[in-house]
>>> print(open('protein-v5.tsv').read())   # TSV, C-alpha atoms
chain	number	residue	atom	x	y	z
C	9	MET	CA	0.00	0.00	0.00
C	10	THR	CA	1.44	3.37	-1.02
C	11	ASN	CA	1.34	6.53	1.07
C	12	GLU	CA	-1.00	8.08	-1.48
C	13	GLU	CA	-3.43	5.16	-1.29
C	14	ARG	CA	-3.44	5.31	2.49
C	15	ILE	CA	-3.87	9.09	2.67
C	16	ARG	CA	-6.61	9.11	0.05
C	17	ALA	CA	-8.50	6.41	1.94
C	18	ALA	CA	-8.05	8.30	5.21
C	19	TRP	CA	-9.56	11.45	3.70
C	20	GLN	CA	-12.36	9.46	2.09
C	21	GLY	CA	-13.07	7.49	5.24
C	22	ARG	CA	-13.10	10.52	7.51
C	23	ILE	CA	-15.36	12.54	5.22
C	24	SER	CA	-17.73	9.63	4.56
C	25	GLY	CA	-17.98	8.74	8.25
C	26	CYS	CA	-18.71	12.36	9.10
C	27	LEU	CA	-21.42	12.59	6.43
C	28	LEU	CA	-23.00	9.37	7.66
C	29	GLY	CA	-23.30	10.65	11.21
C	30	LYS	CA	-24.29	14.22	10.33
C	31	PRO	CA	-28.03	13.72	9.62
C	32	VAL	CA	-28.65	12.03	12.98
C	33	GLU	CA	-26.23	14.05	15.11
C	34	MET	CA	-28.86	16.19	16.82
C	35	ILE	CA	-31.32	13.29	17.13
C	36	SER	CA	-28.64	11.28	18.93
C	37	MET	CA	-27.75	14.17	21.23
C	38	ARG	CA	-31.31	15.16	22.11
C	39	GLU	CA	-33.10	11.80	22.09
C	40	GLY	CA	-30.32	9.40	23.06
C	41	PRO	CA	-29.50	5.98	21.60
C	42	GLN	CA	-33.11	4.82	21.75
C	43	GLY	CA	-34.39	7.83	19.82
C	44	LEU	CA	-31.54	7.50	17.34
C	45	ASN	CA	-32.22	3.86	16.60
C	46	THR	CA	-35.98	4.44	16.43
C	47	PHE	CA	-35.37	7.04	13.73
C	48	LEU	CA	-32.98	4.74	11.85
C	49	GLN	CA	-35.49	1.88	12.06
C	50	ASP	CA	-38.49	3.94	11.00
C	51	SER	CA	-36.58	5.49	8.10
C	52	GLY	CA	-35.60	2.06	6.78
C	53	SER	CA	-31.92	2.71	7.38
C	54	LEU	CA	-31.14	-0.40	9.47
C	55	PRO	CA	-28.88	-2.24	9.31
C	56	LEU	CA	-26.90	0.95	8.67
C	57	ARG	CA	-24.60	0.02	5.80
C	58	ASN	CA	-25.12	3.07	3.59
C	59	TYR	CA	-26.01	6.71	4.04
C	60	VAL	CA	-29.11	7.46	6.12
C	61	ASN	CA	-32.49	7.48	4.38
C	62	TYR	CA	-34.26	10.81	4.71
C	63	MET	CA	-37.34	10.95	6.90
C	64	GLU	CA	-38.94	14.13	8.16
C	65	HIS	CA	-37.85	15.01	11.69
C	66	GLU	CA	-37.71	18.34	13.49
C	67	LEU	CA	-34.01	17.80	14.26
C	68	LEU	CA	-33.06	16.89	10.66
C	69	ARG	CA	-32.81	20.00	8.50
C	70	GLY	CA	-30.49	22.24	6.50
C	71	ALA	CA	-27.09	20.87	5.59
C	72	ASN	CA	-27.75	17.71	7.61
C	73	LYS	CA	-30.70	16.89	5.33
C	74	ARG	CA	-28.39	17.24	2.32
C	75	CYS	CA	-26.23	14.43	3.73
C	76	CYS	CA	-28.95	11.82	3.39
C	77	LEU	CA	-28.96	9.05	0.80
C	78	GLY	CA	-29.79	10.35	-2.67
C	79	MET	CA	-29.72	13.99	-1.52
C	80	MET	CA	-25.96	14.51	-1.49
C	81	GLU	CA	-23.93	16.49	-4.01
C	82	ARG	CA	-20.85	17.33	-1.96
C	83	ALA	CA	-19.37	16.99	1.52
C	84	GLU	CA	-21.28	19.70	3.34
C	85	VAL	CA	-19.60	22.06	5.81
C	86	ASP	CA	-18.81	20.37	9.11
C	87	ASP	CA	-16.36	21.36	11.82
C	88	ASP	CA	-14.78	17.87	11.77
C	89	ILE	CA	-13.64	18.47	8.19
C	90	THR	CA	-12.97	22.19	8.53
C	91	TYR	CA	-10.51	21.54	11.38
C	92	LEU	CA	-8.83	18.76	9.38
C	93	VAL	CA	-8.20	21.15	6.48
C	94	LEU	CA	-7.10	23.87	8.88
C	95	ALA	CA	-4.55	21.50	10.46
C	96	LEU	CA	-3.20	20.76	6.99
C	97	MET	CA	-2.89	24.48	6.27
C	98	MET	CA	-1.17	25.15	9.60
C	99	MET	CA	1.33	22.35	9.00
C	100	GLU	CA	2.02	23.72	5.53
C	101	GLN	CA	2.74	27.14	7.03
C	102	TYR	CA	4.48	26.28	10.32
C	103	GLY	CA	5.62	22.68	9.93
C	104	LEU	CA	6.77	20.78	13.00
C	105	ASP	CA	7.41	24.06	14.83
C	106	LEU	CA	3.65	24.63	15.11
C	107	SER	CA	2.84	26.21	18.48
C	108	THR	CA	-0.37	26.81	20.40
C	109	ASP	CA	-0.01	30.50	19.56
C	110	ASP	CA	0.13	29.60	15.87
C	111	VAL	CA	-3.13	27.68	16.29
C	112	ALA	CA	-4.69	30.65	18.07
C	113	ARG	CA	-3.64	33.09	15.34
C	114	SER	CA	-4.92	30.70	12.67
C	115	TRP	CA	-8.32	30.65	14.35
C	116	ILE	CA	-8.46	34.45	14.53
C	117	ASN	CA	-7.34	34.93	10.92
C	118	LEU	CA	-8.99	31.99	9.19
C	119	LEU	CA	-11.84	30.55	11.23
C	120	PRO	CA	-15.20	32.37	11.43
C	121	VAL	CA	-16.50	32.37	14.98
C	122	GLY	CA	-19.74	30.87	13.66
C	123	ALA	CA	-17.81	27.74	12.67
C	124	THR	CA	-16.84	27.09	16.29
C	125	PHE	CA	-18.89	25.44	19.01
C	126	THR	CA	-18.79	24.75	22.76
C	127	ALA	CA	-15.16	24.79	23.96
C	128	GLU	CA	-13.83	26.30	20.74
C	129	ARG	CA	-16.43	29.08	20.77
C	130	ASP	CA	-15.71	29.82	24.42
C	131	SER	CA	-11.94	29.97	23.83
C	132	TYR	CA	-12.31	31.97	20.63
C	133	LEU	CA	-14.30	34.69	22.39
C	134	LYS	CA	-11.72	34.84	25.18
C	135	LEU	CA	-8.94	35.14	22.58
C	136	ILE	CA	-10.63	38.14	21.01
C	137	GLU	CA	-11.22	39.72	24.38
C	138	LYS	CA	-7.71	39.25	25.77
C	139	SER	CA	-5.45	39.61	22.73
C	140	ASN	CA	-4.49	42.74	20.84
C	141	MET	CA	-4.19	43.18	17.09
C	142	ALA	CA	-0.42	42.79	17.22
C	143	TYR	CA	-0.84	39.24	18.54
C	144	GLN	CA	-3.03	38.37	15.58
C	145	PHE	CA	-0.13	39.10	13.24
C	146	GLY	CA	2.64	37.44	15.25
C	147	GLY	CA	3.13	39.82	18.13
C	148	PRO	CA	3.80	38.64	21.70
C	149	ARG	CA	1.10	37.08	23.84
C	150	SER	CA	-0.02	39.24	26.75
C	151	PHE	CA	-2.23	36.61	28.41
C	152	ASP	CA	-1.87	33.09	29.81
C	153	LEU	CA	-3.29	30.12	27.92
C	154	GLU	CA	-4.92	29.05	31.18
C	155	GLU	CA	-7.18	32.08	30.78
C	156	ILE	CA	-8.28	30.80	27.37
C	157	ASN	CA	-8.87	27.10	28.02
C	158	ASP	CA	-10.59	27.50	31.38
C	159	GLY	CA	-14.21	26.82	30.39
C	160	GLU	CA	-17.12	24.55	31.16
C	161	TYR	CA	-16.63	22.52	27.96
C	162	ASN	CA	-12.88	21.92	28.18
C	163	ASP	CA	-13.22	18.15	28.68
C	164	TRP	CA	-15.59	17.72	25.72
C	165	ILE	CA	-14.78	16.23	22.29
C	166	GLY	CA	-13.81	19.40	20.37
C	167	ALA	CA	-10.05	18.97	20.51
C	168	GLN	CA	-10.32	15.27	19.66
C	169	ILE	CA	-11.80	16.10	16.24
C	170	ARG	CA	-9.04	18.54	15.29
C	171	ILE	CA	-5.91	16.44	15.40
C	172	ASP	CA	-6.04	13.43	13.03
C	173	MET	CA	-3.85	15.23	10.51
C	174	TYR	CA	-0.83	15.23	12.83
C	175	GLY	CA	-0.86	11.44	12.92
C	176	TRP	CA	-1.55	11.13	9.20
C	177	LEU	CA	1.52	13.22	8.39
C	178	LEU	CA	3.84	11.28	10.72
C	179	PRO	CA	3.46	7.53	10.19
C	180	GLY	CA	5.73	5.70	12.63
C	181	LYS	CA	6.27	8.86	14.72
C	182	PRO	CA	3.56	8.66	17.41
C	183	LYS	CA	5.41	10.75	20.02
C	184	LEU	CA	5.75	13.69	17.69
C	185	ALA	CA	2.15	13.33	16.50
C	186	ALA	CA	0.89	13.27	20.09
C	187	ASP	CA	2.98	16.32	20.96
C	188	LEU	CA	1.55	18.31	18.05
C	189	ALA	CA	-1.96	17.25	19.07
C	190	ARG	CA	-1.38	18.54	22.60
C	191	ARG	CA	-0.14	21.90	21.29
C	192	ASP	CA	-3.38	22.24	19.31
C	193	ALA	CA	-5.73	20.82	21.94
C	194	MET	CA	-4.54	22.92	24.86
C	195	LEU	CA	-5.83	26.11	23.25
C	196	SER	CA	-9.34	25.13	24.24
C	197	HIS	CA	-9.17	21.98	26.36
C	198	ARG	CA	-7.57	20.49	29.46
C	199	SER	CA	-6.71	17.17	31.13
C	200	CYS	CA	-8.56	14.14	29.73
C	201	ALA	CA	-9.62	15.91	26.53
C	202	VAL	CA	-6.02	16.84	25.72
C	203	GLU	CA	-4.88	13.28	26.41
C	204	ALA	CA	-7.70	11.87	24.28
C	205	SER	CA	-6.49	14.07	21.43
C	206	ALA	CA	-2.90	12.95	21.90
C	207	TYR	CA	-4.08	9.34	21.88
C	208	ILE	CA	-5.95	9.65	18.57
C	209	ALA	CA	-2.99	11.39	16.92
C	210	ALA	CA	-0.60	8.69	18.15
C	211	LEU	CA	-2.98	5.97	16.98
C	212	CYS	CA	-3.18	7.54	13.51
C	213	ALA	CA	0.63	7.53	13.38
C	214	LEU	CA	0.84	3.90	14.50
C	215	VAL	CA	-1.82	2.27	12.31
C	216	PRO	CA	0.32	2.36	9.12
C	217	VAL	CA	3.30	0.71	10.84
C	218	SER	CA	1.50	-1.87	13.02
C	219	SER	CA	0.78	-5.51	12.22
C	220	SER	CA	-2.77	-5.32	13.57
C	221	ARG	CA	-5.35	-2.88	14.86
C	222	GLU	CA	-4.97	-4.36	18.33
C	223	GLU	CA	-1.24	-3.70	18.29
C	224	ALA	CA	-1.74	-0.07	17.27
C	225	VAL	CA	-4.50	0.57	19.82
C	226	LYS	CA	-2.44	-0.79	22.70
C	227	ALA	CA	0.83	0.81	21.59
C	228	ALA	CA	-0.78	4.25	21.39
C	229	LEU	CA	-1.46	4.07	25.14
C	230	ASP	CA	2.26	4.53	25.72
C	231	PHE	CA	1.95	8.13	24.58
C	232	ILE	CA	-0.65	9.40	27.04
C	233	GLU	CA	-0.70	9.77	30.81
C	234	LYS	CA	-1.35	6.46	32.57
C	235	ASP	CA	-3.53	8.08	35.23
C	236	SER	CA	-5.64	9.95	32.68
C	237	LEU	CA	-9.34	9.18	32.28
C	238	ALA	CA	-8.58	9.03	28.56
C	239	TYR	CA	-6.37	6.00	29.24
C	240	GLU	CA	-9.28	4.38	31.05
C	241	ALA	CA	-11.63	5.19	28.14
C	242	VAL	CA	-9.36	3.34	25.74
C	243	GLU	CA	-9.33	0.37	28.11
C	244	VAL	CA	-13.14	0.46	28.20
C	245	GLY	CA	-13.24	0.33	24.40
C	246	ILE	CA	-10.84	-2.61	24.38
C	247	LYS	CA	-12.76	-4.41	27.13
C	248	TYR	CA	-16.04	-4.39	25.23
C	249	LYS	CA	-14.59	-5.32	21.85
C	250	ASN	CA	-17.08	-7.51	19.94
C	251	GLU	CA	-19.75	-6.93	22.59
C	252	PRO	CA	-22.91	-4.80	22.30
C	253	ALA	CA	-22.57	-1.03	22.38
C	254	SER	CA	-25.02	-0.99	25.29
C	255	ASN	CA	-22.06	-1.87	27.51
C	256	LEU	CA	-20.50	1.50	26.71
C	257	HIS	CA	-23.71	3.32	27.52
C	258	GLN	CA	-24.05	1.45	30.78
C	259	HIS	CA	-20.46	2.30	31.72
C	260	TYR	CA	-20.75	6.04	30.99
C	261	GLY	CA	-24.33	6.51	32.09
C	262	ASP	CA	-25.66	10.03	31.55
C	263	MET	CA	-22.33	11.61	30.54
C	264	SER	CA	-22.73	14.40	27.98
C	265	PRO	CA	-23.09	13.01	24.45
C	266	VAL	CA	-20.27	15.32	23.34
C	267	HIS	CA	-17.77	14.41	26.07
C	268	SER	CA	-14.29	13.29	25.04
C	269	LEU	CA	-14.30	10.07	27.09
C	270	ASN	CA	-17.41	8.18	26.01
C	271	ASN	CA	-16.76	9.05	22.38
C	272	LEU	CA	-13.12	7.94	22.63
C	273	ALA	CA	-14.34	4.58	23.95
C	274	VAL	CA	-16.70	4.31	20.96
C	275	VAL	CA	-13.85	4.94	18.53
C	276	VAL	CA	-11.68	2.20	20.04
C	277	TRP	CA	-14.60	-0.23	20.38
C	278	ALA	CA	-15.71	0.19	16.76
C	279	PHE	CA	-12.21	0.15	15.28
C	280	LEU	CA	-11.47	-3.15	17.00
C	281	SER	CA	-14.86	-4.84	16.75
C	282	PHE	CA	-15.63	-4.61	13.05
C	283	GLN	CA	-12.55	-5.52	11.04
C	284	ASP	CA	-14.01	-7.24	7.99
C	285	SER	CA	-16.13	-4.48	6.50
C	286	PHE	CA	-15.95	-0.69	6.24
C	287	ASP	CA	-19.75	-0.63	5.89
C	288	GLU	CA	-20.30	-2.50	9.13
C	289	ALA	CA	-17.65	-0.64	11.11
C	290	ILE	CA	-18.82	2.83	10.17
C	291	GLY	CA	-22.50	1.92	10.42
C	292	GLU	CA	-22.21	0.46	13.90
C	293	THR	CA	-20.15	3.45	15.02
C	294	ILE	CA	-23.10	5.71	14.21
C	295	CYS	CA	-25.67	3.34	15.71
C	296	CYS	CA	-23.81	3.50	19.01
C	297	GLY	CA	-24.84	7.12	19.24
C	298	TRP	CA	-23.45	10.06	21.25
C	299	ASP	CA	-21.55	12.44	18.91
C	300	THR	CA	-22.22	10.59	15.69
C	301	ASP	CA	-20.57	12.80	13.08
C	302	CYS	CA	-17.43	13.11	15.21
C	303	THR	CA	-17.00	9.40	15.97
C	304	GLY	CA	-17.95	8.56	12.40
C	305	ALA	CA	-15.24	10.89	11.12
C	306	THR	CA	-12.53	9.59	13.48
C	307	VAL	CA	-13.33	5.93	12.92
C	308	GLY	CA	-13.65	6.47	9.18
C	309	GLY	CA	-10.21	8.03	9.00
C	310	LEU	CA	-8.68	5.18	11.00
C	311	LEU	CA	-10.35	2.62	8.78
C	312	GLY	CA	-8.96	4.36	5.72
C	313	LEU	CA	-5.44	4.36	7.15
C	314	ASP	CA	-5.73	0.66	7.89
C	315	MET	CA	-7.56	-0.56	4.79
C	316	GLY	CA	-6.11	1.73	2.13
C	317	ALA	CA	-9.35	1.76	0.16
C	318	ILE	CA	-12.94	2.84	0.80
C	319	PRO	CA	-15.93	1.37	-1.10
C	320	GLU	CA	-17.04	3.63	-3.95
C	321	SER	CA	-20.61	3.60	-2.68
C	322	TRP	CA	-19.43	5.89	0.13
C	323	THR	CA	-17.31	8.25	-1.94
C	324	SER	CA	-19.19	8.70	-5.21
C	325	PRO	CA	-22.18	10.62	-3.73
C	326	TRP	CA	-20.03	13.58	-2.65
C	327	GLN	CA	-18.02	13.60	-5.90
C	328	GLY	CA	-14.70	14.66	-4.38
C	329	ARG	CA	-16.18	18.03	-3.41
C	330	VAL	CA	-15.21	19.13	0.10
C	331	GLN	CA	-16.80	22.24	1.57
C	332	THR	CA	-15.10	24.09	4.45
C	333	ALA	CA	-15.91	27.10	6.62
C	334	ILE	CA	-12.36	28.47	6.40
C	335	ALA	CA	-12.22	32.10	5.30
C	336	GLY	CA	-11.22	32.48	1.68
C	337	VAL	CA	-11.16	28.74	1.07
C	338	GLY	CA	-14.71	27.51	0.58
C	339	GLU	CA	-14.86	24.33	-1.51
C	340	LEU	CA	-11.81	22.16	-2.17
C	341	ASP	CA	-11.37	19.00	-4.19
C	342	LEU	CA	-10.26	15.69	-2.77
C	343	ASP	CA	-7.40	15.17	-5.23
C	344	SER	CA	-5.81	18.44	-4.22
C	345	LEU	CA	-6.15	17.65	-0.51
C	346	VAL	CA	-4.56	14.23	-0.99
C	347	LYS	CA	-1.67	15.71	-2.98
C	348	ARG	CA	-1.01	18.42	-0.39
C	349	THR	CA	-1.12	15.89	2.45
C	350	CYS	CA	1.24	13.48	0.69
C	351	THR	CA	3.67	16.33	0.03
C	352	LEU	CA	3.94	16.89	3.78
C	353	VAL	CA	4.23	13.17	4.53
C	354	ASP	CA	7.25	13.09	2.24
C	355	LYS	CA	8.65	16.31	3.70
C	356	PHE	CA	8.53	14.99	7.28
C	357	SER	CA	9.56	11.42	6.47
C	358	SER	CA	13.22	11.94	7.42
C	359	VAL	CA	12.44	13.64	10.74
C	360	ALA	CA	13.16	11.62	13.86
C	361	ASP	CA	10.43	10.97	16.40
C	362	LEU	CA	10.68	12.72	19.75
C	363	ALA	CA	13.17	11.23	22.16
>>> encode(input="protein-v5.tsv", output="structure tokens")
Amino acid sequence: MTNEERIRAAWQGRISGCLLGKPVEMISMREGPQGLNTFLQDSGSLPLRNYVNYMEHELLRGANKRCCLGMMERAEVDDDITYLVLALMMMEQYGLDLSTDDVARSWINLLPVGATFTAERDSYLKLIEKSNMAYQFGGPRSFDLEEINDGEYNDWIGAQIRIDMYGWLLPGKPKLAADLARRDAMLSHRSCAVEASAYIAALCALVPVSSSREEAVKAALDFIEKDSLAYEAVEVGIKYKNEPASNLHQHYGDMSPVHSLNNLAVVVWAFLSFQDSFDEAIGETICCGWDTDCTGATVGGLLGLDMGAIPESWTSPWQGRVQTAIAGVGELDLDSLVKRTCTLVDKFSSVADLA
């Protein structure tokens, strides 16, 4: 499998998984796993092995409606994909020297505040309040990052959806990938959410160089804090491999559907449990519920890295058209994104991993 095949499949898998979870995201969050699966059943979408069939629902509208089966023309705007493209752009500009301040300035200069949510929105507003215009253009920081990431959502999933690219660009270099993920994540998040982000980045870096998914999942634990709740979440996902998703819901109870921990457990559980079929793996990820577009995107990217090819039934509906919310960017094409990503993979290939 070539780097280009792997990177193309990672992009395709992440985008397709995101689009699969997008129509039912709000249903899952507001009505829980029972409401989600009732909708999927009533819409004739089960077993979920293709995009969701459209059925009228007060929580299914706008761009989410345009992600249903037969209604799709492109990959609609979604923060999971916007942040992936932004990470690519930041790595093109700053390379391995990327700092948290570089991430902050990129948000201010490139990311509309309306494209941010929960922890990111909270941190963005604090950035605008506490920074001056000189900082925006590279001037010194006159505030502490602790003032920016101290918010009620800083253990939620937002940072975990921003960092796949660091692992994609650094196959076989999990320490460096995890370090870059932490630099990004700490702008808006703390503790377990930062470690969850570091874990996903390390896992993305390990999948291409591991002999099995199990090996990669366990090896990535070496790059996060052992006493972190993120470490425990990975262990929960491993524990319930090949068992019903209800075990995850029982373990995490009424935790927020957009928390970093329960969704990290879903990612590990799905990646390990369904190894024979992209359709099954991505479908069961969404059926598990919680933050469906986010887990669908993360699992889809991991599946692409591992499999090196995504079934055409998932990719043809969006025609290689990738919409972003990044200022001045708008729509991009898949081929260009793959080429730009591969260029960086080659550029960083001779760099040593962190000691």
>>> closest_atom_pairs(input="protein-v5.tsv", of="segment 226-247 of chain C", to="segment 167-180 of chain C", cutoff="12 Å", atoms="all atoms listed in the file", output="JSON lines")
{"residue": "C:Ala227", "atom": "CA", "partner": "C:Gly180", "partner_atom": "CA", "distance": 11.3}
{"residue": "C:Ala228", "atom": "CA", "partner": "C:Gly180", "partner_atom": "CA", "distance": 11.0}
{"residue": "C:Ala238", "atom": "CA", "partner": "C:Gln168", "partner_atom": "CA", "distance": 11.0}
>>> closest_residue(input="protein-v5.tsv", among="C:Glu39, C:Glu240, C:Asp314, C:Glu222", to="Gly297 of chain C", atoms="all atoms listed in the file")
C:Glu39
>>> atom_distance(input="protein-v5.tsv", atom1="atom CA of Ser254 of chain C", atom2="atom CA of Leu311 of chain C")
22.4 Å
>>> residues_around(input="protein-v5.tsv", residues="segment 111-127 of chain C", least_positions_apart="4", cutoff="8 Å", atoms="only C-alpha atoms", output="VMD selection string")
chain C and resid 87 98 106 to 107 131 to 132 135 to 136 143 to 146 157 159 to 162 164 166 192 195 to 197 333 to 336
>>> atom_distance(input="protein-v5.tsv", atom1="atom CA of Asn72 of chain C", atom2="atom CA of Asn271 of chain C")
20.3 Å
>>> closest_residue(input="protein-v5.tsv", among="C:Leu272, C:Ser220, C:Val337, C:Glu154", to="Gly245 of chain C", atoms="only C-alpha atoms")
C:Leu272
>>> residues_around(input="protein-v5.tsv", residues="Ala278 of chain C", least_positions_apart="2", cutoff="8 Å", atoms="only C-alpha atoms", output="MDAnalysis selection string")
chainID C and resid 249 274:276 280:282 289:290 292:293 307
>>> residues_around(input="protein-v5.tsv", residues="Lys183 of chain C", least_positions_apart="3", cutoff="10 Å", atoms="only C-alpha atoms", output="number ranges by chain")
C: 175, 178, 180, 186-189, 206-207, 209-210, 213-214, 228, 230-232, 360-363
>>> write_last_selection(input="protein-v5.tsv", atoms="C-alpha atoms", output="compact mmCIF listing (two decimals), keeping the file's coordinate frame")
# COMPACT_ATOMS: atom_id res chain seq x y z
CA GLY C 175 -0.86 11.44 12.92
CA LEU C 178 3.84 11.28 10.72
CA GLY C 180 5.73 5.70 12.63
CA ALA C 186 0.89 13.27 20.09
CA ASP C 187 2.98 16.32 20.96
CA LEU C 188 1.55 18.31 18.05
CA ALA C 189 -1.96 17.25 19.07
CA ALA C 206 -2.90 12.95 21.90
CA TYR C 207 -4.08 9.34 21.88
CA ALA C 209 -2.99 11.39 16.92
CA ALA C 210 -0.60 8.69 18.15
CA ALA C 213 0.63 7.53 13.38
CA LEU C 214 0.84 3.90 14.50
CA ALA C 228 -0.78 4.25 21.39
CA ASP C 230 2.26 4.53 25.72
CA PHE C 231 1.95 8.13 24.58
CA ILE C 232 -0.65 9.40 27.04
CA ALA C 360 13.16 11.62 13.86
CA ASP C 361 10.43 10.97 16.40
CA LEU C 362 10.68 12.72 19.75
CA ALA C 363 13.17 11.23 22.16
>>> atom_distance(input="protein-v5.tsv", atom1="atom CA of Val85 of chain C", atom2="atom CA of Gly40 of chain C")
23.9 Å
>>> closest_residue(input="protein-v5.tsv", among="C:Cys76, C:Ile246, C:Ala185, C:Met263", to="Met99 of chain C", atoms="only C-alpha atoms")
C:Ala185
>>> closest_residue(input="protein-v5.tsv", among="C:Glu100, C:Asp299, C:Glu233, C:Asp343", to="Ser268 of chain C", atoms="all atoms listed in the file")
C:Asp299
>>> residues_around(input="protein-v5.tsv", residues="Gly291 of chain C", least_positions_apart="3", cutoff="8 Å", atoms="all atoms listed in the file", output="PDB file with C-alpha atoms, in the coordinates of the input")
ATOM      1  CA  LEU C  28     -23.000   9.370   7.660  1.00  0.00           C
ATOM      2  CA  PRO C  55     -28.880  -2.240   9.310  1.00  0.00           C
ATOM      3  CA  LEU C  56     -26.900   0.950   8.670  1.00  0.00           C
ATOM      4  CA  ARG C  57     -24.600   0.020   5.800  1.00  0.00           C
ATOM      5  CA  ASN C  58     -25.120   3.070   3.590  1.00  0.00           C
ATOM      6  CA  ASP C 287     -19.750  -0.630   5.890  1.00  0.00           C
ATOM      7  CA  GLU C 288     -20.300  -2.500   9.130  1.00  0.00           C
ATOM      8  CA  ILE C 294     -23.100   5.710  14.210  1.00  0.00           C
ATOM      9  CA  CYS C 295     -25.670   3.340  15.710  1.00  0.00           C
TER      10      CYS C 295
END
>>> closest_residue(input="protein-v5.tsv", among="C:Asp130, C:Asp284, C:Asp163, C:Asp110", to="Pro148 of chain C", atoms="only C-alpha atoms")
C:Asp110
>>> closest_residue(input="protein-v5.tsv", among="C:Val202, C:Trp277, C:Val353, C:Asn140", to="Ala253 of chain C", atoms="all atoms listed in the file")
C:Trp277
>>> residues_around(input="protein-v5.tsv", residues="Ser236 of chain C", least_positions_apart="4", cutoff="9 Å", atoms="all atoms listed in the file", output="list in words")
Ser199, Cys200, Glu203, Ala204, Ile232, Glu240 and Ala241 of chain C
